[in-house]
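Trainee: Quick one, data.tsv (TSV, C-alpha atoms):
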```
chain	number	residue	atom	x	y	z
E	150	MET	CA	173.25	210.15	145.99
E	151	ARG	CA	175.07	213.38	146.66
E	152	SER	CA	176.79	213.43	150.03
E	153	TRP	CA	175.06	215.78	152.45
E	154	LEU	CA	178.48	217.03	153.53
E	155	ALA	CA	179.10	218.54	150.08
E	156	GLY	CA	175.84	220.47	150.41
E	157	LEU	CA	176.85	222.45	153.48
E	158	ARG	CA	178.09	225.84	152.53
E	159	ASN	CA	179.50	227.58	155.52
E	160	ILE	CA	181.07	226.62	158.78
E	161	SER	CA	182.18	229.59	160.79
E	162	ALA	CA	183.51	230.30	164.22
E	163	ARG	CA	183.17	233.61	165.96
E	164	SER	CA	185.38	235.19	168.59
E	165	PHE	CA	189.16	235.41	168.76
E	166	HIS	CA	189.61	233.12	171.73
E	167	THR	CA	188.08	229.96	170.19
E	168	PRO	CA	190.21	227.33	168.46
E	169	ALA	CA	190.55	227.03	164.67
E	170	VAL	CA	187.47	226.63	162.47
E	171	PRO	CA	186.28	223.01	162.63
E	172	GLY	CA	187.14	221.03	159.53
E	173	SER	CA	184.04	218.96	158.97
E	174	ALA	CA	180.36	219.52	159.53
E	175	SER	CA	180.22	216.65	162.04
E	176	ASP	CA	182.87	218.38	164.15
E	177	ALA	CA	180.93	221.63	163.86
E	178	LEU	CA	177.72	219.99	165.04
E	179	ASN	CA	179.54	218.39	167.98
E	180	LEU	CA	180.97	221.77	168.95
E	181	ILE	CA	177.55	223.41	168.65
E	182	ARG	CA	175.98	220.64	170.72
E	183	SER	CA	178.62	221.05	173.45
E	184	GLN	CA	177.68	224.70	174.03
E	185	PRO	CA	174.96	225.59	176.54
E	186	SER	CA	172.33	227.01	174.18
E	187	GLN	CA	171.55	226.82	170.47
E	188	TYR	CA	169.31	228.61	167.98
E	189	ILE	CA	168.03	227.74	164.52
E	190	ILE	CA	166.91	229.73	161.52
E	191	ALA	CA	164.02	227.83	160.00
E	192	SER	CA	161.48	228.74	157.38
E	193	ILE	CA	157.84	227.93	158.08
E	194	VAL	CA	155.14	228.69	155.51
E	195	GLY	CA	157.81	230.40	153.41
E	196	ARG	CA	158.97	232.83	156.10
E	197	LYS	CA	162.25	232.61	158.00
E	198	TYR	CA	162.39	232.93	161.78
E	199	ILE	CA	165.15	232.82	164.38
E	200	LEU	CA	163.94	230.23	166.87
E	201	ALA	CA	165.09	228.79	170.15
E	202	PRO	CA	163.54	226.04	172.28
E	203	ARG	CA	160.45	227.07	174.31
E	204	ASP	CA	159.63	229.92	171.91
E	205	LEU	CA	156.01	230.59	170.98
E	206	LEU	CA	155.73	231.22	167.24
E	207	THR	CA	152.64	232.76	165.62
E	208	VAL	CA	152.05	231.91	161.95
E	209	PRO	CA	149.00	232.34	159.72
E	210	HIS	CA	146.38	229.63	160.17
E	211	LEU	CA	147.61	226.14	159.22
E	212	LYS	CA	144.72	224.17	157.81
E	213	ASP	CA	145.90	220.57	158.14
E	214	VAL	CA	146.89	220.49	161.81
E	215	ARG	CA	144.87	220.17	164.97
E	216	VAL	CA	145.63	221.54	168.40
E	217	GLY	CA	148.10	219.27	170.19
E	218	ASP	CA	149.69	217.91	167.00
E	219	SER	CA	153.46	217.85	166.60
E	220	ILE	CA	155.14	219.22	163.45
E	221	ALA	CA	158.73	218.45	162.40
E	222	LEU	CA	160.47	221.51	160.97
E	223	SER	CA	161.88	220.44	157.62
E	224	ASN	CA	163.55	223.65	156.37
E	225	ILE	CA	166.32	224.49	158.82
E	226	HIS	CA	168.71	226.90	157.15
E	227	GLU	CA	171.12	227.51	159.98
E	228	ILE	CA	171.97	226.16	163.40
E	229	GLY	CA	174.26	228.00	165.76
E	230	SER	CA	175.37	228.60	169.28
E	231	ARG	CA	177.35	231.36	170.98
E	232	GLU	CA	180.58	230.72	169.07
E	233	TYR	CA	179.77	228.47	166.11
E	234	THR	CA	177.33	228.48	163.20
E	235	LEU	CA	176.51	225.87	160.62
E	236	ARG	CA	174.68	227.04	157.53
E	237	GLY	CA	173.01	224.64	155.14
E	238	ASP	CA	172.93	224.90	151.37
E	239	PRO	CA	170.08	225.75	151.33
E	240	THR	CA	168.96	223.60	154.27
E	241	ILE	CA	170.53	221.27	156.79
E	242	PRO	CA	169.27	217.69	156.30
E	243	SER	CA	166.62	216.74	158.82
E	244	THR	CA	168.52	213.50	159.51
E	245	ARG	CA	171.16	215.61	161.29
E	246	VAL	CA	169.14	218.30	163.10
E	247	LYS	CA	165.62	217.59	164.34
E	248	VAL	CA	163.30	220.21	165.74
E	249	ASP	CA	159.64	219.65	166.55
E	250	ALA	CA	156.94	222.24	167.08
E	251	THR	CA	153.66	221.57	168.92
E	252	VAL	CA	150.46	223.30	167.84
E	253	VAL	CA	149.26	225.12	170.96
E	254	GLU	CA	146.21	226.89	169.58
E	255	HIS	CA	144.30	228.19	166.60
E	256	THR	CA	143.20	231.67	167.39
E	257	LYS	CA	142.06	234.91	165.79
E	258	GLY	CA	143.77	238.26	166.22
E	259	LYS	CA	142.23	241.48	167.37
E	260	MET	CA	139.61	243.07	165.12
E	261	GLU	CA	141.34	245.26	162.51
E	262	VAL	CA	139.21	248.02	161.02
E	263	VAL	CA	140.20	249.46	157.63
E	264	PHE	CA	138.30	252.56	156.57
E	265	LYS	CA	138.46	253.55	152.91
E	266	LYS	CA	137.14	256.82	151.56
E	267	LYS	CA	137.38	258.92	148.43
E	268	ARG	CA	136.32	262.42	149.22
E	269	ARG	CA	133.60	264.24	147.26
E	270	LYS	CA	132.74	260.98	145.42
E	271	GLY	CA	130.33	259.46	147.89
E	272	TYR	CA	132.58	256.39	148.27
E	273	GLN	CA	133.42	255.09	151.68
E	274	LYS	CA	133.52	251.64	153.20
E	275	THR	CA	134.58	249.99	156.40
E	276	ILE	CA	136.32	246.61	156.31
E	277	LYS	CA	136.46	244.63	159.54
E	278	ASN	CA	138.91	241.75	159.69
E	279	LYS	CA	140.08	239.24	162.33
E	280	HIS	CA	143.10	237.39	161.00
E	281	PRO	CA	143.28	233.69	161.96
E	282	TYR	CA	146.59	232.47	163.41
E	283	THR	CA	148.16	229.22	164.59
E	284	ARG	CA	150.56	229.33	167.53
E	285	LEU	CA	153.40	226.82	167.72
E	286	ARG	CA	155.65	225.96	170.68
E	287	ILE	CA	159.17	225.15	169.48
E	288	GLY	CA	160.60	221.99	171.05
E	289	GLN	CA	164.14	220.91	171.80
E	290	ILE	CA	166.83	221.18	169.14
E	291	GLU	CA	168.09	217.64	168.66
E	292	ILE	CA	171.49	217.30	166.99
E	293	VAL	CA	171.73	213.66	165.98
E	294	ASP	CA	174.97	211.96	167.08
E	295	SER	CA	176.86	210.83	163.98
E	296	GLN	CA	179.11	208.38	165.85
E	297	PRO	CA	176.89	206.01	167.82
F	279	MET	CA	180.90	258.41	203.23
F	280	ALA	CA	181.29	255.69	200.60
F	281	SER	CA	179.66	252.50	201.84
F	282	ALA	CA	181.42	249.19	201.44
F	283	VAL	CA	180.34	247.52	198.19
F	284	SER	CA	179.13	243.96	198.74
F	285	SER	CA	180.76	241.48	196.36
F	286	THR	CA	177.94	238.91	196.65
F	287	LYS	CA	174.89	239.43	194.46
F	288	HIS	CA	171.61	238.62	196.15
F	289	LEU	CA	169.74	235.80	194.45
F	290	LEU	CA	166.13	236.93	194.37
F	291	ARG	CA	163.60	234.17	194.89
F	292	ALA	CA	161.47	235.29	191.96
F	293	SER	CA	164.36	234.66	189.55
F	294	LEU	CA	164.25	230.94	190.39
F	295	ARG	CA	160.66	230.34	189.32
F	296	SER	CA	159.97	228.68	185.96
F	297	THR	CA	157.94	230.17	183.14
F	298	PRO	CA	155.15	228.04	181.69
F	299	ALA	CA	155.75	226.59	178.24
F	300	ASN	CA	152.70	224.52	177.34
F	301	GLY	CA	153.55	222.20	174.47
F	302	TYR	CA	157.32	222.16	175.04
F	303	THR	CA	157.68	218.60	176.39
F	304	SER	CA	154.03	217.89	177.07
F	305	TYR	CA	150.86	219.55	175.85
F	306	VAL	CA	147.91	220.21	178.17
F	307	PRO	CA	144.64	221.12	176.43
F	308	GLN	CA	143.53	224.50	177.69
F	309	CYS	CA	139.76	224.20	177.25
F	310	ARG	CA	138.24	222.39	180.25
F	311	LYS	CA	134.48	223.01	180.00
F	312	ILE	CA	131.89	224.18	177.49
F	313	VAL	CA	128.42	225.21	178.66
F	314	LEU	CA	125.67	225.33	176.02
F	315	SER	CA	122.55	227.15	177.11
F	316	PHE	CA	119.33	227.19	175.10
F	317	CYS	CA	115.60	227.90	175.37
F	318	GLN	CA	112.96	225.19	174.91
F	319	ARG	CA	110.39	227.45	173.22
F	320	PHE	CA	111.92	230.44	171.44
F	321	PRO	CA	112.61	230.06	167.69
F	322	SER	CA	116.08	231.60	168.02
F	323	SER	CA	117.16	228.41	169.83
F	324	THR	CA	115.78	226.05	167.17
F	325	ASN	CA	119.10	225.45	165.44
F	326	THR	CA	120.85	225.07	168.79
F	327	ARG	CA	118.35	222.42	169.83
F	328	THR	CA	118.92	220.59	166.53
F	329	PHE	CA	122.67	220.75	167.12
F	330	LEU	CA	122.31	219.42	170.67
F	331	LEU	CA	120.19	216.50	169.49
F	332	ASN	CA	122.29	215.53	166.45
F	333	ASP	CA	125.92	216.69	166.69
F	334	LEU	CA	126.89	217.35	170.31
F	335	GLU	CA	127.48	213.72	171.25
F	336	ARG	CA	129.93	213.22	168.38
F	337	ILE	CA	131.90	216.34	169.30
F	338	ALA	CA	131.93	215.44	173.00
F	339	LYS	CA	133.29	211.97	172.23
F	340	LYS	CA	136.01	213.50	170.03
F	341	ASN	CA	137.11	215.75	172.91
F	342	PRO	CA	137.09	213.55	176.04
F	343	HIS	CA	139.15	216.07	178.02
F	344	VAL	CA	136.38	218.68	177.87
F	345	GLU	CA	133.31	218.70	180.13
F	346	PHE	CA	130.20	219.54	178.09
F	347	VAL	CA	127.27	220.98	180.02
F	348	VAL	CA	123.83	221.53	178.50
F	349	LYS	CA	121.87	224.14	180.41
F	350	GLN	CA	118.27	225.11	179.84
F	351	ARG	CA	117.64	228.84	180.10
F	352	ASN	CA	114.08	229.60	179.07
F	353	GLY	CA	113.38	233.02	177.65
F	354	GLN	CA	117.06	233.63	176.90
F	355	GLU	CA	119.11	233.53	173.70
F	356	PRO	CA	121.32	230.50	172.98
F	357	VAL	CA	124.91	230.93	174.15
F	358	ALA	CA	128.09	228.84	174.23
F	359	GLN	CA	130.55	229.52	177.05
F	360	GLY	CA	134.05	228.06	177.06
F	361	PHE	CA	135.99	227.84	180.34
F	362	TYR	CA	139.78	227.58	180.27
F	363	VAL	CA	142.59	226.42	182.52
F	364	SER	CA	143.79	230.03	182.82
F	365	GLY	CA	140.53	230.90	184.63
F	366	ARG	CA	139.23	233.02	181.76
F	367	ASP	CA	136.12	232.30	179.75
F	368	LYS	CA	134.89	233.01	176.24
F	369	VAL	CA	131.21	233.63	175.48
F	370	ILE	CA	129.76	233.18	171.98
F	371	PRO	CA	126.09	233.86	171.16
F	372	LEU	CA	124.63	231.16	168.90
F	373	ASN	CA	121.54	232.87	167.46
F	374	GLY	CA	121.58	233.36	163.72
F	375	PHE	CA	123.74	230.29	163.03
F	376	GLU	CA	122.86	227.03	161.33
F	377	PRO	CA	123.89	223.77	163.12
F	378	ASN	CA	127.14	223.58	161.12
F	379	GLY	CA	127.87	227.20	162.04
F	380	ILE	CA	127.28	226.32	165.69
F	381	GLU	CA	129.78	223.47	165.28
F	382	LYS	CA	132.34	225.93	163.91
F	383	LYS	CA	131.88	228.17	166.96
F	384	ILE	CA	132.29	225.17	169.30
F	385	ASN	CA	135.52	224.28	167.46
F	386	LEU	CA	136.66	227.88	167.90
F	387	LEU	CA	136.18	227.49	171.65
F	388	LEU	CA	137.97	224.13	171.65
F	389	ASP	CA	140.95	225.38	169.62
F	390	SER	CA	141.52	228.48	171.69
F	391	SER	CA	143.87	228.68	174.65
F	392	GLY	CA	141.67	231.15	176.51
F	393	ALA	CA	144.28	233.89	176.32
F	394	LYS	CA	143.09	237.44	175.78
F	395	ILE	CA	142.76	238.38	172.12
F	396	THR	CA	145.59	240.72	171.16
F	397	HIS	CA	147.22	242.02	168.02
F	398	LEU	CA	149.51	239.20	166.87
F	399	LYS	CA	151.07	240.53	163.65
F	400	ARG	CA	153.88	242.74	164.87
F	401	GLY	CA	155.99	242.31	167.97
F	402	ARG	CA	154.40	239.02	169.02
F	403	VAL	CA	155.42	236.79	166.12
F	404	VAL	CA	158.14	235.01	168.13
F	405	GLU	CA	157.68	235.23	171.89
F	406	SER	CA	160.78	234.06	173.66
F	407	SER	CA	161.63	233.78	177.34
F	408	GLN	CA	165.15	232.58	176.51
F	409	GLU	CA	168.23	234.75	176.44
F	410	SER	CA	169.82	234.96	173.02
F	411	ALA	CA	172.12	231.99	172.26
F	412	ARG	CA	174.67	234.23	170.56
F	413	GLY	CA	174.68	236.80	173.33
F	414	ILE	CA	174.60	240.55	172.98
F	415	TRP	CA	177.28	242.24	170.89
F	416	SER	CA	180.09	243.87	172.82
F	417	GLY	CA	182.52	246.32	171.27
F	418	MET	CA	185.30	245.07	173.52
F	419	HIS	CA	185.01	241.44	172.44
F	420	VAL	CA	185.60	241.70	168.70
F	421	ASP	CA	188.54	240.46	166.60
F	422	LYS	CA	189.62	243.99	165.67
F	423	PRO	CA	188.62	246.51	168.35
F	424	PHE	CA	188.06	250.03	167.11
F	425	VAL	CA	191.11	252.18	167.70
F	426	ILE	CA	190.74	255.95	167.70
```
Go ahead and render the structure in this file as structure tokens.
Mentor:
Amino acid sequence: MRSWLAGLRNISARSFHTPAVPGSASDALNLIRSQPSQYIIASIVGRKYILAPRDLLTVPHLKDVRVGDSIALSNIHEIGSREYTLRGDPTIPSTRVKVDATVVEHTKGKMEVVFKKKRRKGYQKTIKNKHPYTRLRIGQIEIVDSQP
Amino acid sequence: MASAVSSTKHLLRASLRSTPANGYTSYVPQCRKIVLSFCQRFPSSTNTRTFLLNDLERIAKKNPHVEFVVKQRNGQEPVAQGFYVSGRDKVIPLNGFEPNGIEKKINLLLDSSGAKITHLKRGRVVESSQESARGIWSGMHVDKPFVI
């Protein structure tokens, strides 16, 4: 089985006053965890979002979930803090970084009215549409401790 | 003429209050009561009466956190009203629907959070009350500051 460490593409450190770039991904994760706040870039339903804990994310209606259910985000592309970033290749394994999202509601958006017309042809139609959405509350970003 | 500048910044009380984040550590269902009103005689309430006799008990058992009220309103059209924790309510008329359509409308009330329906596509995809983890870019805190 290919080591997950070989799959991680990029470890970078920003800012001139921080120490040298951490050598291994475990060190990077420890540095990221030590900082006060973190963010992730995760893809849900094929779209990428920058997410932080306590965010409310609106995605198109998810069929298989009910309100109150908890979803584990499986495609986390990047995790970072103020000074450090860890980018996966293409994703960070979910054994290392765990983020849950809770389904808060299934709702419909405002009524959108699309009016189509071709002039002098007698063709016109009105399309009314209320797009269904699912809203997710992003939970805490858990960076699993590699050395127990 | 120039007044003495105070070095202490006043901590305003409103800055210490917490913002609600339902679903972050615990999820509280937002729908608290559903009132189903129907008429005993009018044919527009026939399907509602069928639904109340056959399906309501099953749905009420599946959602023990919701109070279901059946209200007789003779001479009026059948209506479902959902009451939410936010104090708002949603009203859905039930005439013209078959019993399974009425069930779909009840599920719509149960899934909703009671928030006002707004446009959710642009600008409200990720709603965050957190400050950015990476901070805001500053031209004075870069590795190579711009030199004229």
Trainee: Contacts between chain F and chain E, please, where a residue of chain E counts if it comes within 10 Å (with all atoms listed in the file); show its shortest atom pair and distance in Å to one decimal, rows by chain and ascending number, as a Markdown table.
Mentor:
```
| residue | atom | partner | partner_atom | distance |
| --- | --- | --- | --- | --- |
| E:Arg163 | CA | F:Asp421 | CA | 8.7 |
| E:Ser164 | CA | F:Asp421 | CA | 6.5 |
| E:Phe165 | CA | F:Asp421 | CA | 5.5 |
| E:His166 | CA | F:Asp421 | CA | 9.0 |
| E:Gln184 | CA | F:Ala411 | CA | 9.3 |
| E:Pro185 | CA | F:Ala411 | CA | 8.2 |
| E:Ser186 | CA | F:Ala411 | CA | 5.3 |
| E:Gln187 | CA | F:Ala411 | CA | 5.5 |
| E:Tyr188 | CA | F:Ala411 | CA | 6.1 |
| E:Ile189 | CA | F:Ala411 | CA | 9.7 |
| E:Tyr198 | CA | F:Val404 | CA | 7.9 |
| E:Ile199 | CA | F:Val404 | CA | 8.2 |
| E:Leu200 | CA | F:Val404 | CA | 7.6 |
| E:Ala201 | CA | F:Gln408 | CA | 7.4 |
| E:Pro202 | CA | F:Tyr302 | CA | 7.8 |
| E:Arg203 | CA | F:Tyr302 | CA | 5.9 |
| E:Asp204 | CA | F:Ser406 | CA | 4.6 |
| E:Leu205 | CA | F:Glu405 | CA | 5.0 |
| E:Leu206 | CA | F:Val404 | CA | 4.6 |
| E:Thr207 | CA | F:Val403 | CA | 4.9 |
| E:Val208 | CA | F:Val403 | CA | 7.2 |
| E:Pro209 | CA | F:Lys399 | CA | 9.3 |
| E:Arg215 | CA | F:Asp389 | CA | 8.0 |
| E:Val216 | CA | F:Asp389 | CA | 6.2 |
| E:Gly217 | CA | F:Tyr305 | CA | 6.3 |
| E:Asp218 | CA | F:Tyr305 | CA | 9.1 |
| E:Ser219 | CA | F:Gly301 | CA | 9.0 |
| E:Gly229 | CA | F:Arg412 | CA | 7.9 |
| E:Ser230 | CA | F:Ala411 | CA | 5.6 |
| E:Arg231 | CA | F:Arg412 | CA | 3.9 |
| E:Glu232 | CA | F:Arg412 | CA | 7.0 |
| E:Tyr233 | CA | F:Arg412 | CA | 8.9 |
| E:Thr234 | CA | F:Arg412 | CA | 9.7 |
| E:Asp249 | CA | F:Tyr302 | CA | 9.2 |
| E:Ala250 | CA | F:Tyr302 | CA | 8.0 |
| E:Thr251 | CA | F:Gly301 | CA | 5.6 |
| E:Val252 | CA | F:Gly301 | CA | 7.4 |
| E:Val253 | CA | F:Gly301 | CA | 6.3 |
| E:Glu254 | CA | F:Ser390 | CA | 5.4 |
| E:His255 | CA | F:Asp389 | CA | 5.3 |
| E:Thr256 | CA | F:Ser390 | CA | 5.6 |
| E:Lys257 | CA | F:Ile395 | CA | 7.3 |
| E:Gly258 | CA | F:His397 | CA | 5.4 |
| E:Lys259 | CA | F:His397 | CA | 5.1 |
| E:Met260 | CA | F:His397 | CA | 8.2 |
| E:Glu261 | CA | F:His397 | CA | 8.7 |
| E:Lys279 | CA | F:His397 | CA | 9.5 |
| E:His280 | CA | F:Leu398 | CA | 8.9 |
| E:Pro281 | CA | F:Leu398 | CA | 9.7 |
| E:Tyr282 | CA | F:Leu398 | CA | 8.1 |
| E:Thr283 | CA | F:Asp389 | CA | 9.6 |
| E:Arg284 | CA | F:Val403 | CA | 9.0 |
| E:Leu285 | CA | F:Gly301 | CA | 8.2 |
| E:Arg286 | CA | F:Gly301 | CA | 5.7 |
| E:Ile287 | CA | F:Tyr302 | CA | 6.6 |
| E:Gly288 | CA | F:Tyr302 | CA | 5.2 |
| E:Gln289 | CA | F:Tyr302 | CA | 7.7 |
```
Trainee: Using C-alpha atoms, can you write the selected residues to a file as a PDB file, in the coordinates of the input?
Mentor:
```pdb
ATOM      1  CA  ARG E 163     183.170 233.610 165.960  1.00  0.00           C
ATOM      2  CA  SER E 164     185.380 235.190 168.590  1.00  0.00           C
ATOM      3  CA  PHE E 165     189.160 235.410 168.760  1.00  0.00           C
ATOM      4  CA  HIS E 166     189.610 233.120 171.730  1.00  0.00           C
ATOM      5  CA  GLN E 184     177.680 224.700 174.030  1.00  0.00           C
ATOM      6  CA  PRO E 185     174.960 225.590 176.540  1.00  0.00           C
ATOM      7  CA  SER E 186     172.330 227.010 174.180  1.00  0.00           C
ATOM      8  CA  GLN E 187     171.550 226.820 170.470  1.00  0.00           C
ATOM      9  CA  TYR E 188     169.310 228.610 167.980  1.00  0.00           C
ATOM     10  CA  ILE E 189     168.030 227.740 164.520  1.00  0.00           C
ATOM     11  CA  TYR E 198     162.390 232.930 161.780  1.00  0.00           C
ATOM     12  CA  ILE E 199     165.150 232.820 164.380  1.00  0.00           C
ATOM     13  CA  LEU E 200     163.940 230.230 166.870  1.00  0.00           C
ATOM     14  CA  ALA E 201     165.090 228.790 170.150  1.00  0.00           C
ATOM     15  CA  PRO E 202     163.540 226.040 172.280  1.00  0.00           C
ATOM     16  CA  ARG E 203     160.450 227.070 174.310  1.00  0.00           C
ATOM     17  CA  ASP E 204     159.630 229.920 171.910  1.00  0.00           C
ATOM     18  CA  LEU E 205     156.010 230.590 170.980  1.00  0.00           C
ATOM     19  CA  LEU E 206     155.730 231.220 167.240  1.00  0.00           C
ATOM     20  CA  THR E 207     152.640 232.760 165.620  1.00  0.00           C
ATOM     21  CA  VAL E 208     152.050 231.910 161.950  1.00  0.00           C
ATOM     22  CA  PRO E 209     149.000 232.340 159.720  1.00  0.00           C
ATOM     23  CA  ARG E 215     144.870 220.170 164.970  1.00  0.00           C
ATOM     24  CA  VAL E 216     145.630 221.540 168.400  1.00  0.00           C
ATOM     25  CA  GLY E 217     148.100 219.270 170.190  1.00  0.00           C
ATOM     26  CA  ASP E 218     149.690 217.910 167.000  1.00  0.00           C
ATOM     27  CA  SER E 219     153.460 217.850 166.600  1.00  0.00           C
ATOM     28  CA  GLY E 229     174.260 228.000 165.760  1.00  0.00           C
ATOM     29  CA  SER E 230     175.370 228.600 169.280  1.00  0.00           C
ATOM     30  CA  ARG E 231     177.350 231.360 170.980  1.00  0.00           C
ATOM     31  CA  GLU E 232     180.580 230.720 169.070  1.00  0.00           C
ATOM     32  CA  TYR E 233     179.770 228.470 166.110  1.00  0.00           C
ATOM     33  CA  THR E 234     177.330 228.480 163.200  1.00  0.00           C
ATOM     34  CA  ASP E 249     159.640 219.650 166.550  1.00  0.00           C
ATOM     35  CA  ALA E 250     156.940 222.240 167.080  1.00  0.00           C
ATOM     36  CA  THR E 251     153.660 221.570 168.920  1.00  0.00           C
ATOM     37  CA  VAL E 252     150.460 223.300 167.840  1.00  0.00           C
ATOM     38  CA  VAL E 253     149.260 225.120 170.960  1.00  0.00           C
ATOM     39  CA  GLU E 254     146.210 226.890 169.580  1.00  0.00           C
ATOM     40  CA  HIS E 255     144.300 228.190 166.600  1.00  0.00           C
ATOM     41  CA  THR E 256     143.200 231.670 167.390  1.00  0.00           C
ATOM     42  CA  LYS E 257     142.060 234.910 165.790  1.00  0.00           C
ATOM     43  CA  GLY E 258     143.770 238.260 166.220  1.00  0.00           C
ATOM     44  CA  LYS E 259     142.230 241.480 167.370  1.00  0.00           C
ATOM     45  CA  MET E 260     139.610 243.070 165.120  1.00  0.00           C
ATOM     46  CA  GLU E 261     141.340 245.260 162.510  1.00  0.00           C
ATOM     47  CA  LYS E 279     140.080 239.240 162.330  1.00  0.00           C
ATOM     48  CA  HIS E 280     143.100 237.390 161.000  1.00  0.00           C
ATOM     49  CA  PRO E 281     143.280 233.690 161.960  1.00  0.00           C
ATOM     50  CA  TYR E 282     146.590 232.470 163.410  1.00  0.00           C
ATOM     51  CA  THR E 283     148.160 229.220 164.590  1.00  0.00           C
ATOM     52  CA  ARG E 284     150.560 229.330 167.530  1.00  0.00           C
ATOM     53  CA  LEU E 285     153.400 226.820 167.720  1.00  0.00           C
ATOM     54  CA  ARG E 286     155.650 225.960 170.680  1.00  0.00           C
ATOM     55  CA  ILE E 287     159.170 225.150 169.480  1.00  0.00           C
ATOM     56  CA  GLY E 288     160.600 221.990 171.050  1.00  0.00           C
ATOM     57  CA  GLN E 289     164.140 220.910 171.800  1.00  0.00           C
TER      58      GLN E 289
END
```
Trainee: Could you list as a ChimeraX atom specification every residue that has an atom within 12 Å of (117.6, 227.3, 169.0), using the file's coordinates and counting all atoms listed in the file?
Mentor: /F:314-331,350-358,371-377,380
Trainee: Let's have the selection written as a PDB file, in the frame of the given file, with C-alpha atoms.
Mentor:
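And here's result-v2.pdb as it stands now:
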```pdb
ATOM      1  CA  LEU F 314     125.670 225.330 176.020  1.00  0.00           C
ATOM      2  CA  SER F 315     122.550 227.150 177.110  1.00  0.00           C
ATOM      3  CA  PHE F 316     119.330 227.190 175.100  1.00  0.00           C
ATOM      4  CA  CYS F 317     115.600 227.900 175.370  1.00  0.00           C
ATOM      5  CA  GLN F 318     112.960 225.190 174.910  1.00  0.00           C
ATOM      6  CA  ARG F 319     110.390 227.450 173.220  1.00  0.00           C
ATOM      7  CA  PHE F 320     111.920 230.440 171.440  1.00  0.00           C
ATOM      8  CA  PRO F 321     112.610 230.060 167.690  1.00  0.00           C
ATOM      9  CA  SER F 322     116.080 231.600 168.020  1.00  0.00           C
ATOM     10  CA  SER F 323     117.160 228.410 169.830  1.00  0.00           C
ATOM     11  CA  THR F 324     115.780 226.050 167.170  1.00  0.00           C
ATOM     12  CA  ASN F 325     119.100 225.450 165.440  1.00  0.00           C
ATOM     13  CA  THR F 326     120.850 225.070 168.790  1.00  0.00           C
ATOM     14  CA  ARG F 327     118.350 222.420 169.830  1.00  0.00           C
ATOM     15  CA  THR F 328     118.920 220.590 166.530  1.00  0.00           C
ATOM     16  CA  PHE F 329     122.670 220.750 167.120  1.00  0.00           C
ATOM     17  CA  LEU F 330     122.310 219.420 170.670  1.00  0.00           C
ATOM     18  CA  LEU F 331     120.190 216.500 169.490  1.00  0.00           C
ATOM     19  CA  GLN F 350     118.270 225.110 179.840  1.00  0.00           C
ATOM     20  CA  ARG F 351     117.640 228.840 180.100  1.00  0.00           C
ATOM     21  CA  ASN F 352     114.080 229.600 179.070  1.00  0.00           C
ATOM     22  CA  GLY F 353     113.380 233.020 177.650  1.00  0.00           C
ATOM     23  CA  GLN F 354     117.060 233.630 176.900  1.00  0.00           C
ATOM     24  CA  GLU F 355     119.110 233.530 173.700  1.00  0.00           C
ATOM     25  CA  PRO F 356     121.320 230.500 172.980  1.00  0.00           C
ATOM     26  CA  VAL F 357     124.910 230.930 174.150  1.00  0.00           C
ATOM     27  CA  ALA F 358     128.090 228.840 174.230  1.00  0.00           C
ATOM     28  CA  PRO F 371     126.090 233.860 171.160  1.00  0.00           C
ATOM     29  CA  LEU F 372     124.630 231.160 168.900  1.00  0.00           C
ATOM     30  CA  ASN F 373     121.540 232.870 167.460  1.00  0.00           C
ATOM     31  CA  GLY F 374     121.580 233.360 163.720  1.00  0.00           C
ATOM     32  CA  PHE F 375     123.740 230.290 163.030  1.00  0.00           C
ATOM     33  CA  GLU F 376     122.860 227.030 161.330  1.00  0.00           C
ATOM     34  CA  PRO F 377     123.890 223.770 163.120  1.00  0.00           C
ATOM     35  CA  ILE F 380     127.280 226.320 165.690  1.00  0.00           C
TER      36      ILE F 380
END
```
Trainee: Would you pick out the contacts of Ser243 in chain E at 8 Å or less, using all atoms listed in the file, so that residues sharing its chain but fewer than 4 positions from it are not included, and give the list as a JSON list (two decimals) with C-alpha atoms, keeping the file's coordinate frame?
Mentor:
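Contents of selection_13.json, as written:
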```json
[["chain", "number", "residue", "atom", "x", "y", "z"],
["E", 223, "SER", "CA", 161.88, 220.44, 157.62],
["E", 224, "ASN", "CA", 163.55, 223.65, 156.37],
["E", 225, "ILE", "CA", 166.32, 224.49, 158.82],
["E", 247, "LYS", "CA", 165.62, 217.59, 164.34]]
```
Trainee: So how far away is CA of Phe264 in chain E from CA of Val369 in chain F, in Å?
Mentor: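 Interatomic distance, CA of Val369 in chain F to CA of Phe264 in chain E: 27.7 Å.
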Trainee: Rebuild range 223-228 of chain E to N, CA and C atoms - output it as a CSV table (one decimal), in the coordinates of the input, please.
Mentor:
```csv
chain,number,residue,atom,x,y,z
E,223,SER,N,161.1,221.1,158.7
E,223,SER,CA,161.9,220.4,157.6
E,223,SER,C,162.9,221.4,157.0
E,224,ASN,N,162.6,222.7,157.0
E,224,ASN,CA,163.6,223.6,156.4
E,224,ASN,C,164.3,224.4,157.4
E,225,ILE,N,165.4,223.8,157.8
E,225,ILE,CA,166.3,224.5,158.8
E,225,ILE,C,167.5,225.0,158.1
E,226,HIS,N,167.6,226.3,158.0
E,226,HIS,CA,168.7,226.9,157.2
E,226,HIS,C,170.0,227.0,157.9
E,227,GLU,N,169.9,227.2,159.2
E,227,GLU,CA,171.1,227.5,160.0
E,227,GLU,C,170.9,227.0,161.4
E,228,ILE,N,172.0,226.5,162.0
E,228,ILE,CA,172.0,226.2,163.4
E,228,ILE,C,173.2,226.8,164.0
```
